[in-house]
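Q: What follows is protein_33.pdb, made up of PDB, C-alpha atoms:
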```pdb
MODEL        1
ATOM      1  CA  VAL A   1     183.638  57.907 -26.422
ATOM      2  CA  LEU A   2     185.468  55.297 -24.348
ATOM      3  CA  PRO A   3     186.255  55.954 -20.695
ATOM      4  CA  GLN A   4     189.801  57.233 -20.300
ATOM      5  CA  ALA A   5     190.732  54.377 -17.958
ATOM      6  CA  GLN A   6     189.926  51.964 -20.788
ATOM      7  CA  GLN A   7     192.451  53.566 -23.139
ATOM      8  CA  LEU A   8     195.490  51.917 -21.528
ATOM      9  CA  PRO A   9     194.415  48.263 -21.925
ATOM     10  CA  LEU A  10     193.028  48.941 -25.410
ATOM     11  CA  ARG A  11     196.250  50.561 -26.585
ATOM     12  CA  LEU A  12     198.330  47.722 -25.130
ATOM     13  CA  TRP A  13     195.982  45.270 -26.884
ATOM     14  CA  GLU A  14     196.333  47.006 -30.266
ATOM     15  CA  HIS A  15     199.950  48.215 -30.040
ATOM     16  CA  GLU A  16     202.267  47.047 -32.834
ATOM     17  CA  PRO A  17     205.856  47.217 -31.519
ATOM     18  CA  GLU A  18     208.458  48.475 -33.959
ATOM     19  CA  LYS A  19     211.181  46.140 -32.705
ATOM     20  CA  LEU A  20     210.128  42.494 -32.937
ATOM     21  CA  VAL A  21     212.352  39.427 -33.082
ATOM     22  CA  HIS A  22     210.091  36.386 -32.930
ATOM     23  CA  TRP A  23     206.895  37.773 -34.511
ATOM     24  CA  PRO A  24     206.578  39.537 -37.904
ATOM     25  CA  TYR A  25     206.271  43.318 -38.108
ATOM     26  CA  GLY A  26     202.707  44.472 -37.476
ATOM     27  CA  THR A  27     201.965  41.856 -34.816
ATOM     28  CA  SER A  28     199.889  42.954 -31.835
ATOM     29  CA  LEU A  29     198.267  41.130 -28.965
ATOM     30  CA  LYS A  30     195.004  41.492 -30.846
ATOM     31  CA  THR A  31     196.318  39.777 -33.988
ATOM     32  CA  LEU A  32     197.737  36.910 -31.934
ATOM     33  CA  HIS A  33     194.208  36.004 -30.805
ATOM     34  CA  VAL A  34     191.583  34.151 -32.812
ATOM     35  CA  ASP A  35     189.314  36.682 -34.561
ATOM     36  CA  GLY A  36     191.066  39.441 -32.634
ATOM     37  CA  GLU A  37     189.082  38.653 -29.494
ATOM     38  CA  PRO A  38     190.402  37.686 -26.033
ATOM     39  CA  ARG A  39     189.654  34.192 -24.810
ATOM     40  CA  PRO A  40     186.835  33.776 -22.263
ATOM     41  CA  ALA A  41     187.279  33.771 -18.500
ATOM     42  CA  VAL A  42     189.441  31.136 -16.841
ATOM     43  CA  THR A  43     187.424  28.751 -14.671
ATOM     44  CA  ARG A  44     190.053  26.208 -13.596
ATOM     45  CA  LEU A  45     193.836  26.087 -13.063
ATOM     46  CA  ARG A  46     195.719  22.912 -12.209
ATOM     47  CA  ARG A  47     199.155  21.343 -12.256
ATOM     48  CA  THR A  48     199.772  18.502 -14.685
ATOM     49  CA  ALA A  49     202.724  16.231 -15.475
ATOM     50  CA  GLY A  50     206.024  17.851 -16.326
ATOM     51  CA  HIS A  51     205.287  20.867 -14.126
ATOM     52  CA  ARG A  52     202.850  22.160 -16.727
ATOM     53  CA  VAL A  53     199.885  24.462 -16.038
ATOM     54  CA  THR A  54     196.526  23.365 -17.464
ATOM     55  CA  VAL A  55     193.870  26.020 -18.014
ATOM     56  CA  THR A  56     190.130  25.505 -18.518
ATOM     57  CA  ASP A  57     188.047  28.438 -19.745
ATOM     58  CA  ALA A  58     184.359  29.330 -19.649
ATOM     59  CA  ASN A  59     183.818  27.690 -23.055
ATOM     60  CA  GLY A  60     185.129  24.419 -21.671
ATOM     61  CA  ASP A  61     188.322  24.578 -23.751
ATOM     62  CA  VAL A  62     191.361  23.014 -22.058
ATOM     63  CA  ARG A  63     194.903  24.106 -22.878
ATOM     64  CA  THR A  64     198.248  23.326 -21.249
ATOM     65  CA  TYR A  65     201.270  25.618 -21.008
ATOM     66  CA  ARG A  66     204.799  25.555 -19.659
ATOM     67  CA  ALA A  67     204.064  28.837 -17.855
ATOM     68  CA  ALA A  68     201.114  31.128 -17.164
ATOM     69  CA  VAL A  69     200.764  34.715 -15.950
ATOM     70  CA  PHE A  70     197.740  35.456 -13.753
ATOM     71  CA  THR A  71     196.665  39.118 -13.840
ATOM     72  CA  ALA A  72     193.132  39.093 -12.420
ATOM     73  CA  GLN A  73     192.261  40.113  -8.875
ATOM     74  CA  SER A  74     194.002  37.545  -6.665
ATOM     75  CA  TRP A  75     190.826  36.660  -4.739
ATOM     76  CA  MET A  76     189.576  35.076  -7.979
ATOM     77  CA  LEU A  77     191.962  32.219  -7.143
ATOM     78  CA  LEU A  78     189.946  31.596  -3.973
ATOM     79  CA  SER A  79     186.442  31.797  -5.405
ATOM     80  CA  LYS A  80     185.666  32.112  -9.123
ATOM     81  CA  ILE A  81     188.482  29.830 -10.351
ATOM     82  CA  ALA A  82     188.860  26.205  -9.262
ATOM     83  CA  CYS A  83     192.542  25.908  -8.317
ATOM     84  CA  ASP A  84     194.864  23.128  -7.281
ATOM     85  CA  ASP A  85     196.552  23.743  -3.951
ATOM     86  CA  ALA A  86     199.742  22.799  -5.789
ATOM     87  CA  LEU A  87     199.727  26.055  -7.763
ATOM     88  CA  PHE A  88     201.498  27.959  -4.967
ATOM     89  CA  PRO A  89     203.388  27.227  -1.760
ATOM     90  CA  ILE A  90     201.172  27.382   1.343
ATOM     91  CA  ASP A  91     202.677  30.657   2.552
ATOM     92  CA  HIS A  92     201.717  32.300  -0.756
ATOM     93  CA  TRP A  93     198.165  30.970  -0.443
ATOM     94  CA  THR A  94     198.104  32.542   3.025
ATOM     95  CA  ALA A  95     199.202  35.869   1.567
ATOM     96  CA  ILE A  96     196.427  35.713  -1.040
ATOM     97  CA  GLU A  97     193.807  34.814   1.558
ATOM     98  CA  ARG A  98     194.845  37.660   3.843
ATOM     99  CA  THR A  99     194.915  40.299   1.113
ATOM    100  CA  HIS A 100     192.569  43.117   2.131
ATOM    101  CA  TYR A 101     190.387  44.826  -0.463
ATOM    102  CA  MET A 102     188.621  48.142   0.073
ATOM    103  CA  GLU A 103     184.926  48.548  -0.576
ATOM    104  CA  SER A 104     184.048  51.510  -2.781
ATOM    105  CA  SER A 105     180.928  52.937  -4.428
ATOM    106  CA  LYS A 106     180.252  55.571  -7.078
ATOM    107  CA  LEU A 107     177.079  56.979  -8.571
ATOM    108  CA  PHE A 108     177.018  59.037 -11.765
ATOM    109  CA  VAL A 109     174.137  61.020 -13.207
ATOM    110  CA  PRO A 110     173.999  62.828 -16.597
ATOM    111  CA  VAL A 111     173.009  66.502 -16.637
ATOM    112  CA  ASP A 112     172.107  68.909 -19.419
ATOM    113  CA  ARG A 113     175.110  71.232 -18.996
ATOM    114  CA  PRO A 114     177.829  72.189 -16.472
ATOM    115  CA  PHE A 115     175.459  74.387 -14.479
ATOM    116  CA  TRP A 116     177.904  74.468 -11.572
ATOM    117  CA  LEU A 117     179.852  77.122 -13.484
ATOM    118  CA  ASP A 118     176.939  79.560 -13.131
ATOM    119  CA  LYS A 119     177.846  82.444 -10.829
ATOM    120  CA  ASP A 120     176.228  83.007  -7.459
ATOM    121  CA  GLU A 121     174.637  86.464  -7.439
ATOM    122  CA  ASP A 122     175.783  87.175  -3.886
ATOM    123  CA  THR A 123     179.347  85.839  -3.940
ATOM    124  CA  GLY A 124     180.301  85.918  -7.618
ATOM    125  CA  ARG A 125     181.689  82.395  -7.257
ATOM    126  CA  ASP A 126     180.633  79.196  -9.031
ATOM    127  CA  VAL A 127     177.333  78.001  -7.574
ATOM    128  CA  MET A 128     178.814  74.545  -6.942
ATOM    129  CA  SER A 129     182.225  72.923  -6.914
ATOM    130  CA  MET A 130     183.955  69.629  -6.232
ATOM    131  CA  THR A 131     182.754  68.776  -2.743
ATOM    132  CA  LEU A 132     184.285  66.775   0.104
ATOM    133  CA  THR A 133     181.938  66.449   3.060
ATOM    134  CA  ASP A 134     181.231  64.384   6.147
ATOM    135  CA  ARG A 135     177.677  63.874   4.883
ATOM    136  CA  MET A 136     176.627  60.661   3.160
ATOM    137  CA  THR A 137     177.918  61.696  -0.275
ATOM    138  CA  ARG A 138     181.512  62.079   1.001
ATOM    139  CA  GLY A 139     182.981  63.065  -2.392
ATOM    140  CA  THR A 140     181.167  64.781  -5.300
ATOM    141  CA  TYR A 141     182.964  65.383  -8.605
ATOM    142  CA  LEU A 142     181.932  67.463 -11.624
ATOM    143  CA  LEU A 143     182.858  66.383 -15.167
ATOM    144  CA  ASP A 144     182.201  68.440 -18.286
ATOM    145  CA  ASP A 145     183.215  68.680 -21.924
ATOM    146  CA  GLY A 146     182.640  72.381 -22.398
ATOM    147  CA  PRO A 147     179.830  74.911 -21.838
ATOM    148  CA  ASP A 148     176.298  74.059 -22.982
ATOM    149  CA  ARG A 149     177.251  70.439 -23.629
ATOM    150  CA  PRO A 150     175.847  67.493 -21.645
ATOM    151  CA  ALA A 151     177.917  66.795 -18.546
ATOM    152  CA  VAL A 152     178.159  64.290 -15.713
ATOM    153  CA  ILE A 153     178.167  64.511 -11.930
ATOM    154  CA  CYS A 154     179.702  61.825  -9.778
ATOM    155  CA  LEU A 155     177.242  62.487  -6.969
ATOM    156  CA  SER A 156     179.064  60.288  -4.516
ATOM    157  CA  TYR A 157     182.406  58.503  -4.256
ATOM    158  CA  THR A 158     182.784  56.565  -1.005
ATOM    159  CA  TRP A 159     185.055  53.998   0.637
ATOM    160  CA  CYS A 160     184.900  51.130   3.135
ATOM    161  CA  ASP A 161     182.054  51.463   5.683
ATOM    162  CA  ASP A 162     180.701  54.492   3.817
ATOM    163  CA  SER A 163     180.367  52.328   0.722
ATOM    164  CA  LEU A 164     178.561  49.568   2.597
ATOM    165  CA  LYS A 165     175.861  52.067   3.599
ATOM    166  CA  TRP A 166     174.888  52.321  -0.081
ATOM    167  CA  LEU A 167     175.008  48.628  -0.930
ATOM    168  CA  PRO A 168     171.351  47.728  -0.195
ATOM    169  CA  LEU A 169     169.967  50.747  -2.085
ATOM    170  CA  SER A 170     168.949  50.845  -5.751
ATOM    171  CA  PRO A 171     170.504  53.508  -8.025
ATOM    172  CA  ASN A 172     167.434  55.748  -7.714
ATOM    173  CA  GLU A 173     167.309  55.338  -3.935
ATOM    174  CA  ARG A 174     170.966  56.254  -3.733
ATOM    175  CA  MET A 175     170.411  59.320  -5.906
ATOM    176  CA  GLU A 176     167.556  60.569  -3.710
ATOM    177  CA  VAL A 177     169.699  60.397  -0.563
ATOM    178  CA  MET A 178     172.574  62.097  -2.355
ATOM    179  CA  LEU A 179     170.420  64.916  -3.697
ATOM    180  CA  LYS A 180     169.087  65.514  -0.194
ATOM    181  CA  SER A 181     172.625  65.745   1.217
ATOM    182  CA  LEU A 182     173.808  68.080  -1.540
ATOM    183  CA  GLY A 183     170.670  70.192  -1.140
ATOM    184  CA  GLU A 184     171.682  70.876   2.463
ATOM    185  CA  ILE A 185     175.148  71.961   1.310
ATOM    186  CA  TYR A 186     173.931  73.997  -1.684
ATOM    187  CA  PRO A 187     170.408  75.142  -0.744
ATOM    188  CA  LYS A 188     170.183  77.537  -3.723
ATOM    189  CA  VAL A 189     171.148  74.927  -6.341
ATOM    190  CA  ASP A 190     168.489  72.707  -7.908
ATOM    191  CA  VAL A 191     170.530  69.763  -9.166
ATOM    192  CA  ARG A 192     167.454  67.693  -9.970
ATOM    193  CA  LYS A 193     166.150  70.019 -12.704
ATOM    194  CA  HIS A 194     169.334  69.489 -14.700
ATOM    195  CA  ILE A 195     169.251  65.658 -14.633
ATOM    196  CA  ILE A 196     168.573  64.204 -18.098
ATOM    197  CA  GLY A 197     168.991  60.460 -17.561
ATOM    198  CA  ASN A 198     169.020  57.574 -15.120
ATOM    199  CA  PRO A 199     171.761  57.255 -12.499
ATOM    200  CA  VAL A 200     174.500  54.671 -13.022
ATOM    201  CA  THR A 201     176.137  53.136  -9.987
ATOM    202  CA  VAL A 202     178.764  50.590  -9.029
ATOM    203  CA  SER A 203     179.674  49.034  -5.694
ATOM    204  CA  TRP A 204     182.914  47.215  -6.354
ATOM    205  CA  GLU A 205     182.518  44.885  -3.375
ATOM    206  CA  ASN A 206     179.367  43.518  -5.024
ATOM    207  CA  GLU A 207     180.982  42.888  -8.413
ATOM    208  CA  PRO A 208     181.716  39.136  -8.811
ATOM    209  CA  TYR A 209     184.981  39.686 -10.704
ATOM    210  CA  PHE A 210     186.250  42.423  -8.362
ATOM    211  CA  MET A 211     184.854  41.894  -4.838
ATOM    212  CA  GLY A 212     186.441  45.190  -3.850
ATOM    213  CA  ALA A 213     187.817  48.328  -5.476
ATOM    214  CA  PHE A 214     191.450  47.499  -4.831
ATOM    215  CA  LYS A 215     193.830  46.095  -2.294
ATOM    216  CA  ALA A 216     194.775  48.159   0.756
ATOM    217  CA  ASN A 217     197.324  46.650   3.113
ATOM    218  CA  LEU A 218     196.474  46.503   6.801
ATOM    219  CA  PRO A 219     199.047  46.822   9.610
ATOM    220  CA  GLY A 220     201.132  43.653   9.670
ATOM    221  CA  HIS A 221     200.516  42.873   5.990
ATOM    222  CA  TYR A 222     203.955  43.899   4.770
ATOM    223  CA  ARG A 223     205.246  40.318   4.805
ATOM    224  CA  TYR A 224     202.259  39.114   2.758
ATOM    225  CA  GLN A 225     202.680  41.926   0.245
ATOM    226  CA  ARG A 226     206.368  41.174  -0.123
ATOM    227  CA  ARG A 227     205.667  37.474  -0.586
ATOM    228  CA  LEU A 228     203.346  38.133  -3.537
ATOM    229  CA  PHE A 229     205.437  40.922  -5.067
ATOM    230  CA  THR A 230     208.610  38.796  -5.085
ATOM    231  CA  HIS A 231     206.893  35.604  -6.254
ATOM    232  CA  PHE A 232     208.390  36.052  -9.749
ATOM    233  CA  MET A 233     211.804  35.054  -8.308
ATOM    234  CA  GLN A 234     211.030  31.359  -8.572
ATOM    235  CA  ASP A 235     214.498  29.817  -8.356
ATOM    236  CA  ARG A 236     213.906  29.874  -4.610
ATOM    237  CA  LEU A 237     210.669  27.877  -4.891
ATOM    238  CA  PRO A 238     210.338  24.076  -5.122
ATOM    239  CA  GLU A 239     210.400  22.981  -8.760
ATOM    240  CA  ASP A 240     206.798  21.793  -8.629
ATOM    241  CA  LYS A 241     205.639  25.271  -7.517
ATOM    242  CA  ARG A 242     207.143  27.186 -10.428
ATOM    243  CA  GLY A 243     205.628  28.350 -13.701
ATOM    244  CA  VAL A 244     202.626  30.393 -12.522
ATOM    245  CA  PHE A 245     203.399  34.106 -12.216
ATOM    246  CA  LEU A 246     201.294  36.755 -10.470
ATOM    247  CA  ALA A 247     200.844  40.285 -11.797
ATOM    248  CA  GLY A 248     198.435  43.154 -11.342
ATOM    249  CA  ASP A 249     197.984  46.227  -9.189
ATOM    250  CA  ASP A 250     197.059  44.112  -6.132
ATOM    251  CA  ILE A 251     200.417  42.314  -6.400
ATOM    252  CA  SER A 252     202.214  45.664  -6.533
ATOM    253  CA  TRP A 253     202.892  48.148  -3.748
ATOM    254  CA  THR A 254     200.643  50.721  -5.425
ATOM    255  CA  ALA A 255     197.202  49.135  -5.613
ATOM    256  CA  GLY A 256     194.648  50.861  -7.815
ATOM    257  CA  TRP A 257     197.261  52.409 -10.129
ATOM    258  CA  ALA A 258     198.244  51.266 -13.621
ATOM    259  CA  GLU A 259     201.922  51.875 -12.819
ATOM    260  CA  GLY A 260     201.893  49.084 -10.247
ATOM    261  CA  ALA A 261     200.173  46.705 -12.644
ATOM    262  CA  VAL A 262     202.762  47.445 -15.349
ATOM    263  CA  GLN A 263     205.661  47.013 -12.915
ATOM    264  CA  THR A 264     204.481  43.589 -11.794
ATOM    265  CA  ALA A 265     203.785  42.629 -15.412
ATOM    266  CA  LEU A 266     207.420  43.405 -16.271
ATOM    267  CA  ASN A 267     208.511  41.329 -13.276
ATOM    268  CA  ALA A 268     206.338  38.432 -14.457
ATOM    269  CA  VAL A 269     207.665  38.669 -18.031
ATOM    270  CA  TRP A 270     211.214  38.499 -16.693
ATOM    271  CA  GLY A 271     210.152  35.505 -14.581
ATOM    272  CA  VAL A 272     208.732  33.662 -17.606
ATOM    273  CA  MET A 273     211.833  34.439 -19.656
ATOM    274  CA  HIS A 274     214.075  33.125 -16.895
ATOM    275  CA  HIS A 275     211.833  30.069 -16.418
ATOM    276  CA  PHE A 276     212.336  29.222 -20.107
ATOM    277  CA  GLY A 277     216.107  29.610 -19.815
ATOM    278  CA  GLY A 278     216.327  33.037 -21.441
ATOM    279  CA  GLY A 279     218.238  36.096 -20.352
ATOM    280  CA  THR A 280     218.435  39.858 -20.804
ATOM    281  CA  ASP A 281     221.028  41.940 -22.580
ATOM    282  CA  ALA A 282     223.827  42.811 -20.177
ATOM    283  CA  SER A 283     223.349  46.500 -20.972
ATOM    284  CA  ASN A 284     219.661  46.354 -20.032
ATOM    285  CA  PRO A 285     219.223  44.106 -16.975
ATOM    286  CA  GLY A 286     215.771  43.036 -15.876
ATOM    287  CA  PRO A 287     214.274  43.183 -12.369
ATOM    288  CA  GLY A 288     215.425  39.687 -11.498
ATOM    289  CA  ASP A 289     218.992  40.408 -12.598
ATOM    290  CA  VAL A 290     219.344  43.194 -10.035
ATOM    291  CA  TYR A 291     216.973  41.674  -7.495
ATOM    292  CA  ASP A 292     219.515  41.414  -4.674
ATOM    293  CA  GLU A 293     220.251  45.132  -4.985
ATOM    294  CA  ILE A 294     216.683  46.457  -5.147
ATOM    295  CA  ALA A 295     214.512  43.811  -3.472
ATOM    296  CA  PRO A 296     212.097  44.972  -0.755
ATOM    297  CA  VAL A 297     213.468  44.554   2.757
ATOM    298  CA  GLU A 298     212.683  41.149   4.216
ATOM    299  CA  LEU A 299     211.370  41.179   7.778
ATOM    300  CA  SER A 300     211.847  38.329  10.202
ATOM    301  CA  ASP A 301     208.801  36.339  11.296
ATOM    302  CA  ASP A 302     209.558  36.986  14.970
TER     303      ASP A 302
ENDMDL
END
```
Now, as a test, write the supplied structure out as structure tokens.

A:
Amino acid sequence: VLPQAQQLPLRLWEHEPEKLVHWPYGTSLKTLHVDGEPRPAVTRLRRTAGHRVTVTDANGDVRTYRAAVFTAQSWMLLSKIACDDALFPIDHWTAIERTHYMESSKLFVPVDRPFWLDKDEDTGRDVMSMTLTDRMTRGTYLLDDGPDRPAVICLSYTWCDDSLKWLPLSPNERMEVMLKSLGEIYPKVDVRKHIIGNPVTVSWENEPYFMGAFKANLPGHYRYQRRLFTHFMQDRLPEDKRGVFLAGDDISWTAGWAEGAVQTALNAVWGVMHHFGGGTDASNPGPGDVYDEIAPVELSDD
């Protein structure tokens, strides 16, 4: 069974739109790719003659396009991908560099059944429930697929400094600390006896293609956020800085949510269409067509 969060990208990948103009009926993103597989990671982006964008991937393949949409975490442009400075104006590079990402850690452990639904003899309530605490675990979440079926506990879900406390510990070391904390909250519940497998953990700040769970603006970051969000309006950029479009939840105002990623993707698609000289139907204007009416407020630099 695939994680629910994975359903959205998979369905977008396999979706066959009913109304197609350029491609034949039955075309999906998957069928547009060789062997139905996505290309490997991008390792280099650079400007080439004619305001083209040249992409090198992890296989060493080099391809050149009139436009490109970048959807990965924006810090990738500073570290994992070799980029020309000419890709963006300097103020947009500043906005990328000053983007703030939150640390976050989770640890899951499989259990034999949803034992937390057992009733406490004294209170008549469930012996355990979703738990928010000021102890090390911070947030504990209980996930089940019905009685007497294997279940999962997210023993701990933490953020920022709380996440950094877990970073040096192995999955088993983390689990031991978490079980101790939960044992002090639920002294009559023996979580350990229900565990049926090894713990699985992730610290997003330690993941090379994430380096943080998601963006979280700091005070004073509004101008940087606006700069990245409105980057798809490229008529206002020098001609040699056009053709690369940013999208993703960290470009949006709602980091960590698919809605923000989709919104910025639609903005980027409109930007590419406009870049190629296309336009929308007058009865269905795109974000750039009504930009002056709905654009985020621009603050002065004073």

Q: Please evaluate the PyMOL selection byres ((chain A and resi 7-18) around 9) against the structure above and give the resulting residues as a PyMOL selection string.

A: chain A and resi 2-6+19-20+25-31+258

Q: Go ahead and compute the interatomic distance for CA of Tyr141 (chain A) and CA of Ala72 (chain A), in Å to one decimal.

A: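 Interatomic distance here is 28.4 Å.
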
Q: Which residues are close to Leu266 (chain A), i.e. within 9 Å by only C-alpha atoms, leaving aside same-chain residues fewer than 4 positions away? Reply as number ranges by chain.

A: A: 247, 261-262, 270-271, 286-287

Q: Would you save the residues from that selection as a PDB file, in the frame of the given file, using C-alpha atoms?

A:
```pdb
ATOM      1  CA  ALA A 247     200.844  40.285 -11.797  1.00  0.00           C
ATOM      2  CA  ALA A 261     200.173  46.705 -12.644  1.00  0.00           C
ATOM      3  CA  VAL A 262     202.762  47.445 -15.349  1.00  0.00           C
ATOM      4  CA  TRP A 270     211.214  38.499 -16.693  1.00  0.00           C
ATOM      5  CA  GLY A 271     210.152  35.505 -14.581  1.00  0.00           C
ATOM      6  CA  GLY A 286     215.771  43.036 -15.876  1.00  0.00           C
ATOM      7  CA  PRO A 287     214.274  43.183 -12.369  1.00  0.00           C
TER       8      PRO A 287
END
```

Q: Would you mind reading off the distance between CA of Arg125 (chain A) and CA of Asp112 (chain A), one decimal, in Å?

A: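 Taking CA of Arg125 (chain A) and CA of Asp112 (chain A), their separation equals 20.5 Å.
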
Q: Write out as number ranges by chain which residues come within 9 Å of region 274-282 of chain A when counting all atoms listed in the file, dropping same-chain ones fewer than 2 positions away.

A: A: 66-67, 234-235, 242-243, 269-272, 284-286, 288-289

Q: Write out as lines of an AutoDock Vina configuration file an axis-aligned box for region 66-75 of chain A: all of its atoms listed in the file, 3 Å added on each side, centre and edge lengths in Å with one decimal.

A:
```
center_x = 197.8
center_y = 32.8
center_z = -12.2
size_x = 20.0
size_y = 20.6
size_z = 20.9
```

Q: Using all atoms listed in the file, pick whichever of A:Leu237, A:Val189, A:Val69, A:Ala95 has the shortest atom-to-atom distance to Thr264 (chain A).

A: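 Between A:Leu237, A:Val189, A:Val69, A:Ala95, the residue approaching Thr264 (chain A) most closely is A:Val69.
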
Q: Can you pull out every residue within 12 Å of Asp91 (chain A), counting all atoms listed in the file, but drop anything in the same chain fewer than 3 positions away, and send it as a VMD selection string?

A: chain A and resid 85 to 88 94 to 98 223 to 228 231 237 241

Q: Excluding Trp75 (chain A) and any residue of its chain fewer than 2 positions from it, enumerate the residues within 9 Å of it, using only C-alpha atoms, and give them as a list of chain:residue names.

A: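 These residues fall inside the cut-off: A:Ala72, A:Gln73, A:Leu77, A:Leu78, A:Ser79, A:Lys80, A:Ile96, A:Glu97, A:Thr99, A:Tyr209, A:Phe210, A:Met211.
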
Q: I'd like the neighbourhood of Ser156 (chain A) as a PyMOL selection string, where a residue qualifies if any of its atoms comes within 6 Å (using only C-alpha atoms), though same-chain residues fewer than 4 positions away should be ignored.

A: chain A and resi 106-107+137+139-140
